[in-house]
Amino acid sequence: MSAEGNSAVGEHGVSKRAKVTNRKPGESVKPVRAVKPAKSAKPESRLAMVRRARKINRELAEVYPYAHPELDFRNPFELLVATVLSAQTTDLRVNQTTPALFATYPTPEDLAAAVPEEVEELIRPTGFFRAKTKSIMGLATALRDDFGGEVPGRLDDLVKLPGVGRKTAFVVLGNAFGVPGITVDTHFMRLVRRWKWTEQEDPVKIEAEIAEIFPKSEWTMLSHRVIFHGRRICHARKPACGACPITHLCPSYGEGETDPEKARKLLKYEKGGFPGQRLNPPPGYPGLPAPPLGAGD
């Protein structure tokens, strides 16, 4: 299913069959816009919401069959460090920064023994480089001293590492170890609230409520699909409602641009014909690889 091939016209725009007003003999027929029916005052039941949520997940699976983590990594250590670096910046900027970092410090032992000022200089493009240097050198030291230089595959162990919270831990568990988890980032929080899956604002409470809606086997891929949709179509400031493939399931339709042509211009990454965030995207990704650091400057 293509986001561009399923416009909202017919669902929320001008009706496909024009309606006509009552007219006198000889008057021309004038098409009028269909009036969107008023929403029922009856609140959606829990069962209906769960069914709608699961249908959204199924349809997003068709829209983004290639959904994946958008950080470049080759092993759990690289994914862990890259995820910590991704705070307050884009995955693209991290992917442009980590090749030099991992070429210089390929193992936890190497990073733990590094000169902090040299690490700071390498990761400067990601922002907050002093605090991030402290975190990634701290977690590297902990991996070296407490885990034999290996990234642990348990949530309880991961969240004890410097700079690692539940979100980072679930990214690593789901994508490096195959352990299901829900990644509650800003995109995920925004969309699940727009879709009325939860009213919570605390990430841990959101995680718990969403976990009750979906089977555990879906948690990791659900996270990827929702985050993909948030980055490409359902943006924070200007959602591309008119180019969204799931408007018929969205209770917040109309918060963004509803005109199909204008909405298509808001699409990002491969949906808009632009490069993605990964320099080395996985097989099957339909978009363009991101350029290396400095290539577009």
# chains A, B, ... in the order shown; residues from 1 in each chain; ligands from 1
$ residues_around --residues "segment 178-180 of chain A" --least-positions-apart "2" --cutoff "9 Å" --atoms "only C-alpha atoms" --output "number ranges by chain"
A: 153-154, 170, 172-176, 182, 216-221
$ residues_around --residues "segment 40-56 of chain A" --least-positions-apart "5" --cutoff "7 Å" --atoms "only C-alpha atoms" --output "ChimeraX atom specification"
/A:197,213,246,249
$ write_last_selection --atoms "all heavy atoms" --output "CSV table (one decimal), in the first residue's frame"
chain,number,residue,atom,x,y,z
A,197,TRP,N,-4.8,5.6,21.5
A,197,TRP,CA,-4.5,4.3,22.1
A,197,TRP,C,-4.2,4.5,23.6
A,197,TRP,O,-4.4,3.6,24.4
A,197,TRP,CB,-3.3,3.7,21.5
A,197,TRP,CG,-3.4,3.3,20.0
A,197,TRP,CD1,-4.6,3.4,19.3
A,197,TRP,CD2,-2.5,2.7,19.2
A,197,TRP,NE1,-4.3,3.0,18.0
A,197,TRP,CE2,-3.0,2.5,17.9
A,197,TRP,CE3,-1.1,2.4,19.4
A,197,TRP,CZ2,-2.3,2.0,16.8
A,197,TRP,CZ3,-0.4,1.8,18.3
A,197,TRP,CH2,-1.0,1.6,17.1
A,213,ILE,N,-2.2,-3.9,24.5
A,213,ILE,CA,-3.1,-3.9,23.2
A,213,ILE,C,-2.6,-4.9,22.2
A,213,ILE,O,-3.3,-5.5,21.5
A,213,ILE,CB,-3.0,-2.5,22.6
A,213,ILE,CG1,-3.7,-1.5,23.6
A,213,ILE,CG2,-3.8,-2.5,21.3
A,213,ILE,CD1,-3.6,-0.1,23.1
A,246,ILE,N,-3.8,5.8,6.4
A,246,ILE,CA,-4.7,5.2,7.4
A,246,ILE,C,-5.6,6.3,8.0
A,246,ILE,O,-6.1,6.2,9.1
A,246,ILE,CB,-3.9,4.6,8.6
A,246,ILE,CG1,-2.9,5.7,9.2
A,246,ILE,CG2,-3.1,3.4,8.1
A,246,ILE,CD1,-2.3,5.2,10.5
A,249,LEU,N,-8.8,5.3,9.8
A,249,LEU,CA,-8.7,4.7,11.1
A,249,LEU,C,-8.2,5.7,12.1
A,249,LEU,O,-8.0,5.4,13.3
A,249,LEU,CB,-7.7,3.5,11.1
A,249,LEU,CG,-8.1,2.3,10.2
A,249,LEU,CD1,-6.9,1.4,10.0
A,249,LEU,CD2,-9.3,1.6,10.8
$ atom_distance --atom1 "atom CA of Glu78 of chain A" --atom2 "atom CA of Gly181 of chain A"
18.8 Å
$ residues_around --residues "Cys241 of chain A" --least-positions-apart "5" --cutoff "8 Å" --atoms "only C-alpha atoms" --output "PDB file with all heavy atoms, in the first residue's frame"
ATOM      1  N   ALA A   8      -6.799  11.009   0.597  1.00  0.00           N
ATOM      2  CA  ALA A   8      -7.954  11.075   1.490  1.00  0.00           C
ATOM      3  C   ALA A   8      -9.220  11.474   0.760  1.00  0.00           C
ATOM      4  O   ALA A   8     -10.292  11.441   1.332  1.00  0.00           O
ATOM      5  CB  ALA A   8      -7.680  12.061   2.624  1.00  0.00           C
ATOM      6  N   ILE A 233       5.308  10.755   7.567  1.00  0.00           N
ATOM      7  CA  ILE A 233       3.985  11.284   7.223  1.00  0.00           C
ATOM      8  C   ILE A 233       3.324  12.036   8.376  1.00  0.00           C
ATOM      9  O   ILE A 233       2.890  13.174   8.215  1.00  0.00           O
ATOM     10  CB  ILE A 233       3.059  10.143   6.743  1.00  0.00           C
ATOM     11  CG1 ILE A 233       3.617   9.518   5.456  1.00  0.00           C
ATOM     12  CG2 ILE A 233       1.641  10.653   6.510  1.00  0.00           C
ATOM     13  CD1 ILE A 233       2.834   8.322   4.927  1.00  0.00           C
ATOM     14  N   CYS A 234       3.235  11.430   9.541  1.00  0.00           N
ATOM     15  CA  CYS A 234       2.482  12.017  10.655  1.00  0.00           C
ATOM     16  C   CYS A 234       3.403  12.872  11.516  1.00  0.00           C
ATOM     17  O   CYS A 234       3.691  12.562  12.669  1.00  0.00           O
ATOM     18  CB  CYS A 234       1.826  10.911  11.479  1.00  0.00           C
ATOM     19  SG  CYS A 234       0.519  11.505  12.585  1.00  0.00           S
ATOM     20  N   THR A 247      -6.038   7.228   7.117  1.00  0.00           N
ATOM     21  CA  THR A 247      -6.966   8.269   7.586  1.00  0.00           C
ATOM     22  C   THR A 247      -8.296   7.692   8.055  1.00  0.00           C
ATOM     23  O   THR A 247      -8.922   8.229   8.964  1.00  0.00           O
ATOM     24  CB  THR A 247      -7.247   9.289   6.472  1.00  0.00           C
ATOM     25  OG1 THR A 247      -7.724   8.596   5.311  1.00  0.00           O
ATOM     26  CG2 THR A 247      -5.994  10.051   6.114  1.00  0.00           C
ATOM     27  N   TYR A 253      -7.697  12.855  12.251  1.00  0.00           N
ATOM     28  CA  TYR A 253      -7.596  13.345  10.878  1.00  0.00           C
ATOM     29  C   TYR A 253      -8.023  14.814  10.816  1.00  0.00           C
ATOM     30  O   TYR A 253      -9.017  15.210  11.416  1.00  0.00           O
ATOM     31  CB  TYR A 253      -8.494  12.530   9.939  1.00  0.00           C
ATOM     32  CG  TYR A 253      -8.600  13.135   8.553  1.00  0.00           C
ATOM     33  CD1 TYR A 253      -7.618  12.912   7.611  1.00  0.00           C
ATOM     34  CD2 TYR A 253      -9.661  13.971   8.223  1.00  0.00           C
ATOM     35  CE1 TYR A 253      -7.692  13.493   6.360  1.00  0.00           C
ATOM     36  CE2 TYR A 253      -9.748  14.560   6.982  1.00  0.00           C
ATOM     37  CZ  TYR A 253      -8.752  14.306   6.038  1.00  0.00           C
ATOM     38  OH  TYR A 253      -8.819  14.890   4.803  1.00  0.00           O
ATOM     39  N   GLY A 254      -7.250  15.615  10.100  1.00  0.00           N
ATOM     40  CA  GLY A 254      -7.566  17.025   9.953  1.00  0.00           C
ATOM     41  C   GLY A 254      -6.679  17.933  10.782  1.00  0.00           C
ATOM     42  O   GLY A 254      -6.724  19.149  10.610  1.00  0.00           O
ATOM     43  N   GLU A 255      -5.844  17.351  11.659  1.00  0.00           N
ATOM     44  CA  GLU A 255      -4.903  18.177  12.420  1.00  0.00           C
ATOM     45  C   GLU A 255      -3.833  18.766  11.504  1.00  0.00           C
ATOM     46  O   GLU A 255      -3.230  19.783  11.822  1.00  0.00           O
ATOM     47  CB  GLU A 255      -4.235  17.354  13.526  1.00  0.00           C
ATOM     48  CG  GLU A 255      -5.141  17.054  14.707  1.00  0.00           C
ATOM     49  CD  GLU A 255      -4.384  16.417  15.855  1.00  0.00           C
ATOM     50  OE1 GLU A 255      -3.132  16.365  15.796  1.00  0.00           O
ATOM     51  OE2 GLU A 255      -5.039  15.974  16.815  1.00  0.00           O
ATOM     52  N   GLY A 256      -3.608  18.097  10.370  1.00  0.00           N
ATOM     53  CA  GLY A 256      -2.602  18.565   9.428  1.00  0.00           C
ATOM     54  C   GLY A 256      -3.203  18.898   8.081  1.00  0.00           C
ATOM     55  O   GLY A 256      -4.425  19.043   7.943  1.00  0.00           O
ATOM     56  N   GLU A 257      -2.352  18.997   7.066  1.00  0.00           N
ATOM     57  CA  GLU A 257      -2.770  19.345   5.704  1.00  0.00           C
ATOM     58  C   GLU A 257      -3.593  18.213   5.093  1.00  0.00           C
ATOM     59  O   GLU A 257      -3.136  17.085   4.991  1.00  0.00           O
ATOM     60  CB  GLU A 257      -1.525  19.613   4.847  1.00  0.00           C
ATOM     61  CG  GLU A 257      -1.824  19.967   3.407  1.00  0.00           C
ATOM     62  CD  GLU A 257      -2.711  21.188   3.287  1.00  0.00           C
ATOM     63  OE1 GLU A 257      -2.250  22.280   3.673  1.00  0.00           O
ATOM     64  OE2 GLU A 257      -3.854  21.043   2.807  1.00  0.00           O
ATOM     65  N   THR A 258      -4.827  18.536   4.679  1.00  0.00           N
ATOM     66  CA  THR A 258      -5.709  17.510   4.114  1.00  0.00           C
ATOM     67  C   THR A 258      -5.729  17.494   2.597  1.00  0.00           C
ATOM     68  O   THR A 258      -6.171  16.513   2.008  1.00  0.00           O
ATOM     69  CB  THR A 258      -7.149  17.700   4.638  1.00  0.00           C
ATOM     70  OG1 THR A 258      -7.606  19.006   4.281  1.00  0.00           O
ATOM     71  CG2 THR A 258      -7.204  17.530   6.150  1.00  0.00           C
ATOM     72  N   ASP A 259      -5.289  18.563   1.968  1.00  0.00           N
ATOM     73  CA  ASP A 259      -5.252  18.582   0.509  1.00  0.00           C
ATOM     74  C   ASP A 259      -4.194  17.575   0.022  1.00  0.00           C
ATOM     75  O   ASP A 259      -3.031  17.667   0.414  1.00  0.00           O
ATOM     76  CB  ASP A 259      -4.907  19.970  -0.003  1.00  0.00           C
ATOM     77  CG  ASP A 259      -4.837  20.011  -1.516  1.00  0.00           C
ATOM     78  OD1 ASP A 259      -5.896  20.185  -2.145  1.00  0.00           O
ATOM     79  OD2 ASP A 259      -3.727  19.847  -2.071  1.00  0.00           O
ATOM     80  N   PRO A 260      -4.569  16.610  -0.830  1.00  0.00           N
ATOM     81  CA  PRO A 260      -3.623  15.566  -1.236  1.00  0.00           C
ATOM     82  C   PRO A 260      -2.346  16.086  -1.873  1.00  0.00           C
ATOM     83  O   PRO A 260      -1.252  15.604  -1.558  1.00  0.00           O
ATOM     84  CB  PRO A 260      -4.440  14.718  -2.224  1.00  0.00           C
ATOM     85  CG  PRO A 260      -5.850  14.929  -1.821  1.00  0.00           C
ATOM     86  CD  PRO A 260      -5.916  16.357  -1.373  1.00  0.00           C
ATOM     87  N   ALA A 263      -0.280  17.894   0.744  1.00  0.00           N
ATOM     88  CA  ALA A 263       0.217  16.919   1.717  1.00  0.00           C
ATOM     89  C   ALA A 263       1.396  16.126   1.161  1.00  0.00           C
ATOM     90  O   ALA A 263       2.353  15.833   1.880  1.00  0.00           O
ATOM     91  CB  ALA A 263      -0.906  15.977   2.136  1.00  0.00           C
TER      92      ALA A 263
END
$ select_by_dssp --residues "segment 48-221 of chain A" --states "alpha helix (DSSP H)" --output "VMD selection string"
chain A and resid 48 to 63 76 to 85 91 to 104 108 to 112 116 to 123 129 to 146 155 to 158 166 to 176 186 to 194 203 to 213 219 to 221
$ closest_residue --among "A:Cys244, A:Leu191, A:Leu85, A:Leu92" --to "Phe128 of chain A" --atoms "only C-alpha atoms"
A:Leu85
$ residues_around --residues "Pro152 of chain A" --least-positions-apart "4" --cutoff "10 Å" --atoms "only C-alpha atoms" --output "JSON list (two decimals) with N, CA and C atoms, in the first residue's frame"
[["chain", "number", "residue", "atom", "x", "y", "z"],
["A", 76, "PRO", "N", 26.00, -5.53, 18.73],
["A", 76, "PRO", "CA", 25.27, -4.90, 19.86],
["A", 76, "PRO", "C", 25.99, -3.70, 20.45],
["A", 77, "PHE", "N", 27.31, -3.71, 20.52],
["A", 77, "PHE", "CA", 28.06, -2.59, 21.09],
["A", 77, "PHE", "C", 27.85, -1.34, 20.25],
["A", 143, "LEU", "N", 31.01, -2.24, 30.64],
["A", 143, "LEU", "CA", 31.01, -3.46, 29.84],
["A", 143, "LEU", "C", 32.33, -4.20, 30.02],
["A", 146, "ASP", "N", 32.46, -5.25, 34.09],
["A", 146, "ASP", "CA", 31.38, -6.03, 34.71],
["A", 146, "ASP", "C", 30.79, -7.12, 33.81],
["A", 147, "PHE", "N", 31.00, -6.99, 32.50],
["A", 147, "PHE", "CA", 30.34, -7.94, 31.59],
["A", 147, "PHE", "C", 31.30, -8.58, 30.59],
["A", 148, "GLY", "N", 32.57, -8.57, 30.92],
["A", 148, "GLY", "CA", 33.54, -9.25, 30.05],
["A", 148, "GLY", "C", 33.65, -8.65, 28.66],
["A", 156, "ASP", "N", 17.40, -5.59, 32.88],
["A", 156, "ASP", "CA", 17.88, -5.16, 34.18],
["A", 156, "ASP", "C", 19.35, -4.78, 34.16],
["A", 157, "ASP", "N", 20.14, -5.48, 33.34],
["A", 157, "ASP", "CA", 21.56, -5.17, 33.24],
["A", 157, "ASP", "C", 21.80, -3.93, 32.39],
["A", 158, "LEU", "N", 21.07, -3.80, 31.31],
["A", 158, "LEU", "CA", 21.29, -2.68, 30.39],
["A", 158, "LEU", "C", 20.98, -1.34, 31.05],
["A", 169, "ALA", "N", 17.48, 0.62, 26.03],
["A", 169, "ALA", "CA", 17.58, -0.82, 26.30],
["A", 169, "ALA", "C", 16.70, -1.62, 25.36],
["A", 172, "VAL", "N", 18.12, -1.90, 21.83],
["A", 172, "VAL", "CA", 19.20, -2.89, 21.76],
["A", 172, "VAL", "C", 18.65, -4.31, 21.87],
["A", 173, "LEU", "N", 17.76, -4.53, 22.83],
["A", 173, "LEU", "CA", 17.20, -5.87, 23.01],
["A", 173, "LEU", "C", 16.45, -6.34, 21.78],
["A", 177, "PHE", "N", 19.25, -8.51, 19.91],
["A", 177, "PHE", "CA", 19.08, -9.79, 20.59],
["A", 177, "PHE", "C", 17.75, -10.47, 20.25]]
$ atom_distance --atom1 "atom CA of Leu267 of chain A" --atom2 "atom CA of Phe228 of chain A"
11.6 Å
$ residues_around --residues "Pro282 of chain A" --least-positions-apart "4" --cutoff "12 Å" --atoms "only C-alpha atoms" --output "PyMOL selection string"
chain A and resi 66-74+276-278+286-289
$ residues_around --residues "Lys134 of chain A" --least-positions-apart "4" --cutoff "10 Å" --atoms "only C-alpha atoms" --output "compact mmCIF listing (two decimals) with N, CA and C atoms, in the first residue's frame"
# COMPACT_ATOMS: atom_id res chain seq x y z
N PRO A 116 39.28 11.33 26.75
CA PRO A 116 37.95 11.95 26.62
C PRO A 116 37.89 13.07 25.59
N VAL A 119 37.53 11.70 22.11
CA VAL A 119 36.18 11.19 21.86
C VAL A 119 35.22 12.35 21.64
N GLU A 120 35.34 13.37 22.45
CA GLU A 120 34.48 14.55 22.31
C GLU A 120 34.57 15.14 20.90
N PHE A 129 28.15 16.87 23.30
CA PHE A 129 29.23 15.90 23.15
C PHE A 129 29.98 15.61 24.43
N ARG A 130 30.04 16.55 25.36
CA ARG A 130 30.74 16.28 26.63
C ARG A 130 29.96 15.28 27.48
N GLY A 138 31.61 5.74 29.98
CA GLY A 138 31.18 5.08 31.21
C GLY A 138 30.58 3.72 30.94
N LEU A 139 29.73 3.62 29.91
CA LEU A 139 29.13 2.32 29.61
C LEU A 139 30.18 1.36 29.07
N ALA A 140 31.16 1.88 28.32
CA ALA A 140 32.24 1.02 27.82
C ALA A 140 33.07 0.46 28.98
N PRO A 162 25.65 3.53 32.28
CA PRO A 162 25.54 4.99 32.17
C PRO A 162 24.88 5.43 30.87
N GLY A 163 23.90 6.32 30.96
CA GLY A 163 23.24 6.86 29.79
C GLY A 163 22.21 5.95 29.14
$ closest_residue --among "A:Leu101, A:Arg58, A:Pro215, A:Val159" --to "Thr133 of chain A" --atoms "only C-alpha atoms"
A:Leu101
$ residues_around --residues "Leu293 of chain A" --least-positions-apart "6" --cutoff "12 Å" --atoms "only C-alpha atoms" --output "JSON, numbers by chain"
{"A": [92, 93, 94, 95, 96, 97, 98, 99, 100, 122, 123, 125, 126, 277, 278, 279]}
$ atom_distance --atom1 "atom CA of Gly242 of chain A" --atom2 "atom CA of Met189 of chain A"
21.6 Å
$ closest_residue --among "A:Thr107, A:Asn75, A:Asn57, A:Thr90" --to "Thr186 of chain A" --atoms "only C-alpha atoms"
A:Thr90
$ closest_residue --among "A:Pro65, A:Lys265, A:Ile210, A:Glu59" --to "Tyr285 of chain A" --atoms "only C-alpha atoms"
A:Pro65
$ decode --residues "segment 203-237 of chain A" --atoms "C-alpha atoms" --output "PDB file, in the first residue's frame"
ATOM      1  CA  PRO A 203       6.811   6.963  28.652  1.00  0.00           C
ATOM      2  CA  VAL A 204       6.764   4.042  31.087  1.00  0.00           C
ATOM      3  CA  LYS A 205       2.975   4.246  31.458  1.00  0.00           C
ATOM      4  CA  ILE A 206       2.576   4.531  27.684  1.00  0.00           C
ATOM      5  CA  GLU A 207       4.741   1.465  27.235  1.00  0.00           C
ATOM      6  CA  ALA A 208       2.622  -0.501  29.707  1.00  0.00           C
ATOM      7  CA  GLU A 209      -0.703   0.478  28.105  1.00  0.00           C
ATOM      8  CA  ILE A 210       0.426  -0.245  24.546  1.00  0.00           C
ATOM      9  CA  ALA A 211       1.850  -3.597  25.666  1.00  0.00           C
ATOM     10  CA  GLU A 212      -1.661  -4.608  26.712  1.00  0.00           C
ATOM     11  CA  ILE A 213      -3.054  -3.916  23.233  1.00  0.00           C
ATOM     12  CA  PHE A 214      -0.624  -5.969  21.145  1.00  0.00           C
ATOM     13  CA  PRO A 215       0.865  -9.442  21.460  1.00  0.00           C
ATOM     14  CA  LYS A 216       4.469  -9.470  22.620  1.00  0.00           C
ATOM     15  CA  SER A 217       5.667 -10.823  19.271  1.00  0.00           C
ATOM     16  CA  GLU A 218       4.573  -7.551  17.613  1.00  0.00           C
ATOM     17  CA  TRP A 219       6.226  -5.089  19.991  1.00  0.00           C
ATOM     18  CA  THR A 220       9.541  -4.518  18.184  1.00  0.00           C
ATOM     19  CA  MET A 221       8.102  -4.228  14.669  1.00  0.00           C
ATOM     20  CA  LEU A 222       5.173  -2.130  15.913  1.00  0.00           C
ATOM     21  CA  SER A 223       7.728   0.344  17.265  1.00  0.00           C
ATOM     22  CA  HIS A 224       9.539   0.535  13.931  1.00  0.00           C
ATOM     23  CA  ARG A 225       6.324   1.011  11.942  1.00  0.00           C
ATOM     24  CA  VAL A 226       4.950   3.731  14.204  1.00  0.00           C
ATOM     25  CA  ILE A 227       8.274   5.597  14.274  1.00  0.00           C
ATOM     26  CA  PHE A 228       8.612   5.265  10.486  1.00  0.00           C
ATOM     27  CA  HIS A 229       5.128   6.711  10.029  1.00  0.00           C
ATOM     28  CA  GLY A 230       5.834   9.554  12.430  1.00  0.00           C
ATOM     29  CA  ARG A 231       9.024  10.532  10.629  1.00  0.00           C
ATOM     30  CA  ARG A 232       7.641  10.275   7.116  1.00  0.00           C
ATOM     31  CA  ILE A 233       3.985  11.284   7.223  1.00  0.00           C
ATOM     32  CA  CYS A 234       2.482  12.017  10.655  1.00  0.00           C
ATOM     33  CA  HIS A 235       4.838  14.850  11.580  1.00  0.00           C
ATOM     34  CA  ALA A 236       4.722  16.802  14.814  1.00  0.00           C
ATOM     35  CA  ARG A 237       3.970  20.268  13.416  1.00  0.00           C
TER      36      ARG A 237
END
